[in-house]
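What follows is the content of final-v8.cif (mmCIF, C-alpha atoms and all ligand atoms).
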```cif
data_protein
loop_
_atom_site.label_atom_id
_atom_site.label_comp_id
_atom_site.auth_asym_id
_atom_site.auth_seq_id
_atom_site.Cartn_x
_atom_site.Cartn_y
_atom_site.Cartn_z
CA MET A 1 -7.22 11.35 -18.68
CA GLN A 2 -4.52 13.56 -17.12
CA THR A 3 -0.86 13.86 -18.04
CA LEU A 4 1.29 14.11 -14.92
CA LYS A 5 4.92 15.19 -14.90
CA ILE A 6 7.30 13.45 -12.47
CA LEU A 7 8.65 16.21 -10.20
CA ASN A 8 10.80 13.94 -8.06
CA SER A 9 11.45 10.25 -7.57
CA GLY A 10 13.78 8.02 -5.61
CA PHE A 11 14.11 4.61 -4.04
CA ILE A 12 12.95 4.42 -0.41
CA THR A 13 13.80 0.70 -0.06
CA HIS A 14 15.91 -1.60 -2.26
CA ASP A 15 12.95 -2.14 -4.62
CA VAL A 16 10.32 0.47 -3.76
CA LYS A 17 10.30 3.85 -5.44
CA ARG A 18 8.45 6.98 -4.43
CA PHE A 19 7.09 9.25 -7.16
CA ILE A 20 6.13 12.87 -6.64
CA LEU A 21 3.89 14.03 -9.45
CA GLU A 22 2.39 17.28 -10.56
CA LYS A 23 -1.16 17.64 -9.26
CA PRO A 24 -3.68 18.87 -11.83
CA LYS A 25 -5.77 21.89 -10.77
CA GLY A 26 -9.02 20.92 -9.09
CA PHE A 27 -8.09 17.23 -8.93
CA VAL A 28 -9.69 15.45 -5.94
CA TYR A 29 -9.38 12.01 -4.36
CA ARG A 30 -9.85 10.38 -0.96
CA PRO A 31 -7.41 8.50 1.32
CA GLY A 32 -7.38 4.83 0.32
CA GLN A 33 -8.29 5.48 -3.32
CA SER A 34 -6.24 4.25 -6.25
CA ALA A 35 -5.69 5.33 -9.84
CA HIS A 36 -5.14 3.55 -13.13
CA ILE A 37 -1.82 4.72 -14.46
CA SER A 38 0.35 4.17 -17.51
CA ILE A 39 3.60 5.66 -18.80
CA ASN A 40 3.46 8.39 -21.45
CA LEU A 41 5.99 6.76 -23.76
CA PRO A 42 5.46 5.06 -27.13
CA GLY A 43 4.29 1.48 -26.57
CA TRP A 44 3.52 2.02 -22.87
CA GLU A 45 0.46 4.30 -22.94
CA ASP A 46 -2.00 1.39 -23.04
CA LYS A 47 -0.32 -0.71 -20.35
CA ILE A 48 -2.48 0.47 -17.49
CA ARG A 49 -1.84 -0.61 -13.88
CA PRO A 50 -3.48 0.28 -10.53
CA PHE A 51 -1.57 2.22 -7.84
CA THR A 52 -2.72 3.88 -4.63
CA PHE A 53 -2.33 7.52 -3.65
CA THR A 54 -0.22 7.93 -0.51
CA SER A 55 -0.50 11.73 -0.62
CA LEU A 56 -3.47 13.59 0.79
CA ASN A 57 -5.92 15.63 -1.21
CA ASP A 58 -4.79 18.97 0.23
CA TRP A 59 -1.11 18.39 -0.61
CA PRO A 60 0.19 20.42 -3.55
CA TYR A 61 1.45 17.28 -5.34
CA LEU A 62 0.55 13.60 -5.79
CA GLU A 63 2.60 10.80 -4.25
CA PHE A 64 2.72 7.13 -5.22
CA ILE A 65 4.88 4.47 -3.59
CA ILE A 66 5.55 1.67 -6.04
CA LYS A 67 7.33 -1.65 -5.83
CA ILE A 68 9.53 -2.16 -8.89
CA HIS A 69 9.34 -5.71 -10.25
CA ASP A 70 12.57 -5.90 -12.24
CA ASP A 71 12.23 -9.62 -13.02
CA HIS A 72 10.47 -8.88 -16.33
CA ASN A 73 9.85 -5.97 -18.65
CA GLY A 74 6.56 -4.83 -17.10
CA VAL A 75 5.26 -1.38 -16.21
CA THR A 76 6.92 -1.12 -12.81
CA ASN A 77 10.30 -2.11 -14.27
CA GLU A 78 9.91 0.75 -16.75
CA LEU A 79 8.79 3.09 -13.93
CA GLY A 80 12.02 2.20 -12.16
CA LYS A 81 14.01 3.63 -15.07
CA LEU A 82 12.09 6.89 -15.55
CA LYS A 83 13.85 10.20 -15.02
CA LEU A 84 12.56 13.53 -13.69
CA GLY A 85 10.37 15.30 -16.20
CA SER A 86 9.02 12.03 -17.65
CA GLU A 87 5.25 11.81 -17.75
CA LEU A 88 2.61 9.39 -16.51
CA LEU A 89 -0.97 9.13 -17.67
CA LEU A 90 -3.67 9.01 -15.00
CA HIS A 91 -6.73 7.35 -16.51
CA ASP A 92 -9.22 7.20 -13.65
CA VAL A 93 -9.52 7.22 -9.87
CA PHE A 94 -11.36 4.42 -8.12
CA GLY A 95 -12.18 3.49 -4.55
CA SER A 96 -10.11 0.74 -3.00
CA ILE A 97 -10.10 0.76 0.78
CA GLU A 98 -12.19 3.28 2.64
CA TYR A 99 -11.83 4.21 6.30
CA LYS A 100 -14.98 3.24 8.19
CA GLY A 101 -13.77 3.78 11.76
CA PRO A 102 -11.26 2.40 14.29
CA GLY A 103 -10.06 -1.17 13.95
CA ILE A 104 -7.11 -3.41 13.24
CA PHE A 105 -5.20 -2.93 10.00
CA ILE A 106 -3.30 -5.89 8.53
CA ALA A 107 -0.95 -5.18 5.61
CA GLY A 108 1.42 -7.24 3.52
CA GLY A 109 4.21 -5.50 1.56
CA THR A 110 2.93 -2.71 -0.70
CA GLY A 111 -0.57 -3.40 0.67
CA ILE A 112 0.42 -0.73 3.20
CA THR A 113 -0.11 2.09 0.65
CA PRO A 114 -3.86 2.72 1.23
CA PHE A 115 -3.26 2.52 4.98
CA ILE A 116 -0.48 5.13 4.75
CA ALA A 117 -2.91 7.61 3.20
CA ILE A 118 -5.62 6.77 5.76
CA PHE A 119 -3.22 7.03 8.74
CA ARG A 120 -1.76 10.31 7.46
CA ALA A 121 -5.23 11.82 7.16
CA LEU A 122 -6.25 10.64 10.65
CA TYR A 123 -2.92 11.75 12.16
CA ILE A 124 -3.06 15.33 10.91
CA SER A 125 -6.67 15.69 12.06
CA ASP A 126 -5.74 14.17 15.46
CA ASN A 127 -8.11 11.26 14.97
CA LEU A 128 -5.62 8.38 14.87
CA ARG A 129 -6.98 6.51 17.89
CA LYS A 130 -8.04 2.94 18.65
CA ILE A 131 -6.13 1.69 15.65
CA GLY A 132 -3.61 -1.14 15.47
CA LEU A 133 -1.37 -2.11 12.56
CA ILE A 134 0.16 -5.52 11.89
CA TYR A 135 2.57 -5.10 8.99
CA SER A 136 4.07 -8.20 7.37
CA ASN A 137 7.17 -8.12 5.17
CA ARG A 138 9.77 -10.61 4.07
CA THR A 139 12.63 -8.81 5.85
CA LYS A 140 13.28 -5.57 7.75
CA GLU A 141 14.71 -4.06 4.53
CA ASP A 142 11.28 -4.37 2.88
CA ILE A 143 9.42 -2.14 5.36
CA ILE A 144 7.93 0.94 3.68
CA LEU A 145 7.99 4.18 5.72
CA GLY A 146 8.58 2.31 8.99
CA GLN A 147 9.72 5.42 10.88
CA GLU A 148 6.66 7.40 9.89
CA LEU A 149 4.35 4.51 10.79
CA PHE A 150 6.02 4.28 14.20
CA LYS A 151 5.77 8.04 14.71
CA MET A 152 2.05 7.95 13.92
CA LEU A 153 1.08 4.72 15.70
CA GLY A 154 3.73 4.11 18.39
CA PRO A 155 3.31 0.76 20.15
CA ALA A 156 0.12 0.05 18.17
CA TYR A 157 2.41 -0.76 15.23
CA ILE A 158 3.66 -4.35 15.03
CA ASN A 159 6.08 -5.69 12.40
CA ILE A 160 6.30 -9.31 11.47
CA PHE A 161 8.81 -10.90 9.09
CA THR A 162 8.39 -14.07 7.10
CA ARG A 163 12.03 -14.57 6.11
CA GLU A 164 14.70 -13.07 8.27
CA GLY A 165 15.40 -13.32 11.98
CA VAL A 166 15.48 -9.78 13.36
CA ILE A 167 16.05 -9.44 17.08
CA GLY A 168 13.14 -7.78 18.82
CA PHE A 169 10.65 -8.40 16.03
CA TRP A 170 8.16 -11.14 15.30
CA GLU A 171 9.51 -13.67 12.83
CA ARG A 172 6.63 -15.62 11.35
CA ARG A 173 3.54 -15.53 9.16
CA ILE A 174 0.16 -14.09 9.99
CA ASP A 175 -1.90 -17.24 10.39
CA ARG A 176 -4.74 -18.40 12.60
CA LYS A 177 -2.40 -19.17 15.51
CA TYR A 178 -0.71 -15.78 15.25
CA LEU A 179 -4.06 -13.98 15.12
CA ILE A 180 -5.31 -15.80 18.24
CA GLU A 181 -2.11 -14.97 20.13
CA THR A 182 -1.95 -11.34 19.04
CA ILE A 183 -5.53 -10.11 18.93
CA ARG A 184 -7.61 -10.16 22.09
CA ASN A 185 -10.90 -8.93 20.73
CA PHE A 186 -12.24 -10.08 17.37
CA ASP A 187 -15.41 -8.06 17.82
CA THR A 188 -13.94 -5.12 15.94
CA ARG A 189 -13.36 -3.84 12.44
CA PHE A 190 -10.52 -5.33 10.34
CA TYR A 191 -8.83 -3.85 7.30
CA VAL A 192 -6.73 -6.24 5.21
CA CYS A 193 -4.58 -5.32 2.20
CA GLY A 194 -1.78 -7.19 0.49
CA PRO A 195 -1.13 -9.77 -2.21
CA GLN A 196 -4.33 -11.60 -3.23
CA LYS A 197 -3.48 -14.84 -1.42
CA PHE A 198 -2.43 -12.97 1.74
CA THR A 199 -5.75 -11.11 1.81
CA GLU A 200 -7.81 -14.23 1.06
CA ASP A 201 -6.10 -16.39 3.70
CA ILE A 202 -6.29 -13.78 6.46
CA THR A 203 -9.89 -12.90 5.64
CA LYS A 204 -10.81 -16.59 5.88
CA ASP A 205 -9.00 -16.95 9.22
CA LEU A 206 -10.69 -13.85 10.64
CA ILE A 207 -14.15 -15.07 9.66
CA ASN A 208 -13.40 -18.48 11.19
CA LEU A 209 -12.39 -16.68 14.36
CA GLY A 210 -15.79 -15.04 14.56
CA VAL A 211 -15.25 -11.70 12.82
CA ASN A 212 -18.45 -10.35 11.31
CA PRO A 213 -17.93 -10.29 7.49
CA GLN A 214 -19.48 -6.82 7.49
CA SER A 215 -16.66 -5.63 9.74
CA LEU A 216 -14.06 -6.70 7.18
CA ILE A 217 -12.73 -4.06 4.80
CA VAL A 218 -10.54 -5.57 2.06
C1 LIG B 1 -6.18 -1.61 -6.33
C2 LIG B 1 -4.69 -1.85 -6.39
C3 LIG B 1 -3.82 -0.89 -5.89
C4 LIG B 1 -2.43 -1.10 -5.94
N1 LIG B 1 -1.59 -0.15 -5.40
C5 LIG B 1 -0.25 -0.36 -5.44
C6 LIG B 1 0.64 0.60 -4.88
O1 LIG B 1 0.25 1.64 -4.36
N2 LIG B 1 1.97 0.33 -4.95
C7 LIG B 1 2.46 -0.82 -5.52
O2 LIG B 1 3.67 -1.01 -5.54
N3 LIG B 1 1.64 -1.73 -6.07
C8 LIG B 1 0.30 -1.53 -6.05
N4 LIG B 1 -0.53 -2.45 -6.62
C9 LIG B 1 0.07 -3.60 -7.35
C10 LIG B 1 0.51 -3.11 -8.74
O3 LIG B 1 -0.64 -2.74 -9.46
C11 LIG B 1 1.30 -4.19 -9.48
O4 LIG B 1 2.50 -4.46 -8.80
C12 LIG B 1 1.63 -3.72 -10.88
O5 LIG B 1 0.43 -3.68 -11.64
C13 LIG B 1 2.64 -4.64 -11.55
O6 LIG B 1 2.77 -4.20 -12.87
P1 LIG B 1 3.91 -4.76 -13.81
O7 LIG B 1 3.52 -4.41 -15.21
O8 LIG B 1 5.26 -4.31 -13.37
O9 LIG B 1 3.85 -6.30 -13.58
P2 LIG B 1 2.86 -7.33 -14.29
O10 LIG B 1 3.41 -7.66 -15.64
O11 LIG B 1 1.47 -6.83 -14.20
O12 LIG B 1 3.13 -8.55 -13.32
C14 LIG B 1 2.59 -8.64 -12.01
C15 LIG B 1 3.35 -9.71 -11.19
O13 LIG B 1 3.62 -10.91 -11.91
C16 LIG B 1 5.04 -11.16 -11.99
N5 LIG B 1 5.33 -11.47 -13.42
C17 LIG B 1 4.53 -11.23 -14.48
N6 LIG B 1 5.12 -11.61 -15.61
C18 LIG B 1 6.32 -12.11 -15.28
C19 LIG B 1 7.39 -12.66 -16.01
N7 LIG B 1 7.35 -12.80 -17.33
N8 LIG B 1 8.47 -13.06 -15.33
C20 LIG B 1 8.52 -12.95 -13.99
N9 LIG B 1 7.55 -12.45 -13.25
C21 LIG B 1 6.45 -12.02 -13.88
C22 LIG B 1 5.69 -9.88 -11.56
O14 LIG B 1 6.88 -10.08 -10.83
C23 LIG B 1 4.68 -9.26 -10.67
O15 LIG B 1 4.81 -9.77 -9.38
C24 LIG B 1 -1.91 -2.28 -6.54
C25 LIG B 1 -2.80 -3.24 -7.06
C26 LIG B 1 -4.16 -3.04 -6.98
C27 LIG B 1 -5.09 -4.10 -7.52
#
```

Before anything else, please render the file you have as structure tokens.
Ligand SMILES: Cc1cc2nc3c(=O)[nH]c(=O)nc-3n(C[C@H](O)[C@H](O)[C@H](O)COP(=O)(O)OP(=O)(O)OC[C@H]3O[C@@H](n4cnc5c(N)ncnc54)[C@H](O)[C@@H]3O)c2cc1C
Amino acid sequence: MQTLKILNSGFITHDVKRFILEKPKGFVYRPGQSAHISINLPGWEDKIRPFTFTSLNDWPYLEFIIKIHDDHNGVTNELGKLKLGSELLLHDVFGSIEYKGPGIFIAGGTGITPFIAIFRALYISDNLRKIGLIYSNRTKEDIILGQELFKMLGPAYINIFTREGVIGFWERRIDRKYLIETIRNFDTRFYVCGPQKFTEDITKDLINLGVNPQSLIV
């Protein structure tokens, strides 16, 4: 277990906070991996939750992008109140989503975090090609790092919104009909990450549309 000091933190949307943490010497992880984390405060040390690294291994610090659920007194609500110099406990690192090659990435809300790390790694090594991103959020205000995603992916980056009408953007859910209209070739790799139901529904739709289950990374 590692104790990590918060070096910087701040809200990047109305309910999503970015944490910059001290990186322990010799600490290694891969894009798409997550860590089990708790807060180093009395009563919170054992409340362990999973979060995904958005930083890259060769950065001098660790970055996490975390949605704060302030509707109850859970871990993220407490994370939302932490000040600089507070400490987190990093229990272990585990593989979530691993990059296996070009394909279509479908994210819902904070499900974008593993994709951010993967895209950043591909972008700096000039390998971000033949990749498309469909990113679903409730409203435009919920998009995480939209400018950076656009800079990295350009027109291969599509936003869709489930709640609010925003001129120039898709305003609907990712469902079977949407997938048929938007994706021309299902004979490719798909990466899906988001709330459990989002991932389950889209995975089911993709398989029904002929996607090889082995080409699905969830
Ligand atoms: C592998 C993995 C990686 C992840 N990576 C990230 C990431 O990078 N960034 C990120 O933001 N999230 C990520 N998550 C999700 C994150 O782990 C959860 O949002 C977090 O654990 C919530 O912790 P919590 O203690 O605040 O809420 P919990 O108490 O664990 O509650 C979870 C959900 O239930 C609702 N809920 C629970 N109890 C109540 C209650 N009494 N009243 C109202 N609502 C309630 C909360 O609103 C919340 O939506 C990841 C999840 C997994 C599985």

For atom N1 of ligand LIG 1 (chain B) and CA of Pro50 (chain A), quote the distance in Å rounded to one decimal.
5.5 Å

Kindly work out which residues sit at most 7 Å from ligand LIG 1 (chain B), using all atoms listed in the file, and give the list as a PDB file with C-alpha atoms, keeping the file's coordinate frame.
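Heads up, here's the output in part.pdb:
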```
ATOM      1  CA  SER A  34      -6.240   4.250  -6.250  1.00  0.00           C
ATOM      2  CA  ARG A  49      -1.840  -0.610 -13.880  1.00  0.00           C
ATOM      3  CA  PRO A  50      -3.480   0.280 -10.530  1.00  0.00           C
ATOM      4  CA  PHE A  51      -1.570   2.220  -7.840  1.00  0.00           C
ATOM      5  CA  THR A  52      -2.720   3.880  -4.630  1.00  0.00           C
ATOM      6  CA  PHE A  53      -2.330   7.520  -3.650  1.00  0.00           C
ATOM      7  CA  PHE A  64       2.720   7.130  -5.220  1.00  0.00           C
ATOM      8  CA  ILE A  65       4.880   4.470  -3.590  1.00  0.00           C
ATOM      9  CA  ILE A  66       5.550   1.670  -6.040  1.00  0.00           C
ATOM     10  CA  LYS A  67       7.330  -1.650  -5.830  1.00  0.00           C
ATOM     11  CA  ILE A  68       9.530  -2.160  -8.890  1.00  0.00           C
ATOM     12  CA  HIS A  69       9.340  -5.710 -10.250  1.00  0.00           C
ATOM     13  CA  ASP A  71      12.230  -9.620 -13.020  1.00  0.00           C
ATOM     14  CA  HIS A  72      10.470  -8.880 -16.330  1.00  0.00           C
ATOM     15  CA  GLY A  74       6.560  -4.830 -17.100  1.00  0.00           C
ATOM     16  CA  VAL A  75       5.260  -1.380 -16.210  1.00  0.00           C
ATOM     17  CA  THR A  76       6.920  -1.120 -12.810  1.00  0.00           C
ATOM     18  CA  ASN A  77      10.300  -2.110 -14.270  1.00  0.00           C
ATOM     19  CA  SER A  96     -10.110   0.740  -3.000  1.00  0.00           C
ATOM     20  CA  THR A 110       2.930  -2.710  -0.700  1.00  0.00           C
ATOM     21  CA  GLY A 111      -0.570  -3.400   0.670  1.00  0.00           C
ATOM     22  CA  THR A 113      -0.110   2.090   0.650  1.00  0.00           C
TER      23      THR A 113
END
```

When you look at Gly32 (chain A) with a cut-off of 9 Å (counting only C-alpha atoms), what residues show up, excluding the ones that are within fewer than 5 positions of it in the same chain? I need them as a PDB file with C-alpha atoms, in the coordinates of the input.
```
ATOM      1  CA  THR A  52      -2.720   3.880  -4.630  1.00  0.00           C
ATOM      2  CA  PHE A  53      -2.330   7.520  -3.650  1.00  0.00           C
ATOM      3  CA  THR A  54      -0.220   7.930  -0.510  1.00  0.00           C
ATOM      4  CA  GLY A  95     -12.180   3.490  -4.550  1.00  0.00           C
ATOM      5  CA  SER A  96     -10.110   0.740  -3.000  1.00  0.00           C
ATOM      6  CA  ILE A  97     -10.100   0.760   0.780  1.00  0.00           C
ATOM      7  CA  GLU A  98     -12.190   3.280   2.640  1.00  0.00           C
ATOM      8  CA  TYR A  99     -11.830   4.210   6.300  1.00  0.00           C
ATOM      9  CA  THR A 113      -0.110   2.090   0.650  1.00  0.00           C
ATOM     10  CA  PRO A 114      -3.860   2.720   1.230  1.00  0.00           C
ATOM     11  CA  PHE A 115      -3.260   2.520   4.980  1.00  0.00           C
ATOM     12  CA  ILE A 116      -0.480   5.130   4.750  1.00  0.00           C
ATOM     13  CA  ALA A 117      -2.910   7.610   3.200  1.00  0.00           C
ATOM     14  CA  ILE A 118      -5.620   6.770   5.760  1.00  0.00           C
TER      15      ILE A 118
END
```

Using only C-alpha atoms, which protein or nucleic acid residues come within 12 Å of Gly26 (chain A)? Drop anything in the same chain fewer than 3 positions from it, and give the result as a list in words.
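So, after excluding close chain neighbours, the residues are Gln2, Lys23, Tyr29, Asn57, Asp58, Trp59, Pro60 and Tyr61 of chain A.
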
For a cut-off of 10 Å around (4.4, 9.4, -19.2), file coordinates, pick out all residues using all atoms listed in the file and list them as an NGL selection string.
:A and (3-6 or 37-42 or 44-45 or 79 or 82 or 85-90)

Please indicate the distance in Å from CA of Gly80 (chain A) to CA of Arg18 (chain A), rounded to one decimal place.
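Computing it gives 9.8 Å between the two atoms.
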
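Going from CA of Thr188 (chain A) to CA of Ile217 (chain A) covers 11.3 Å.
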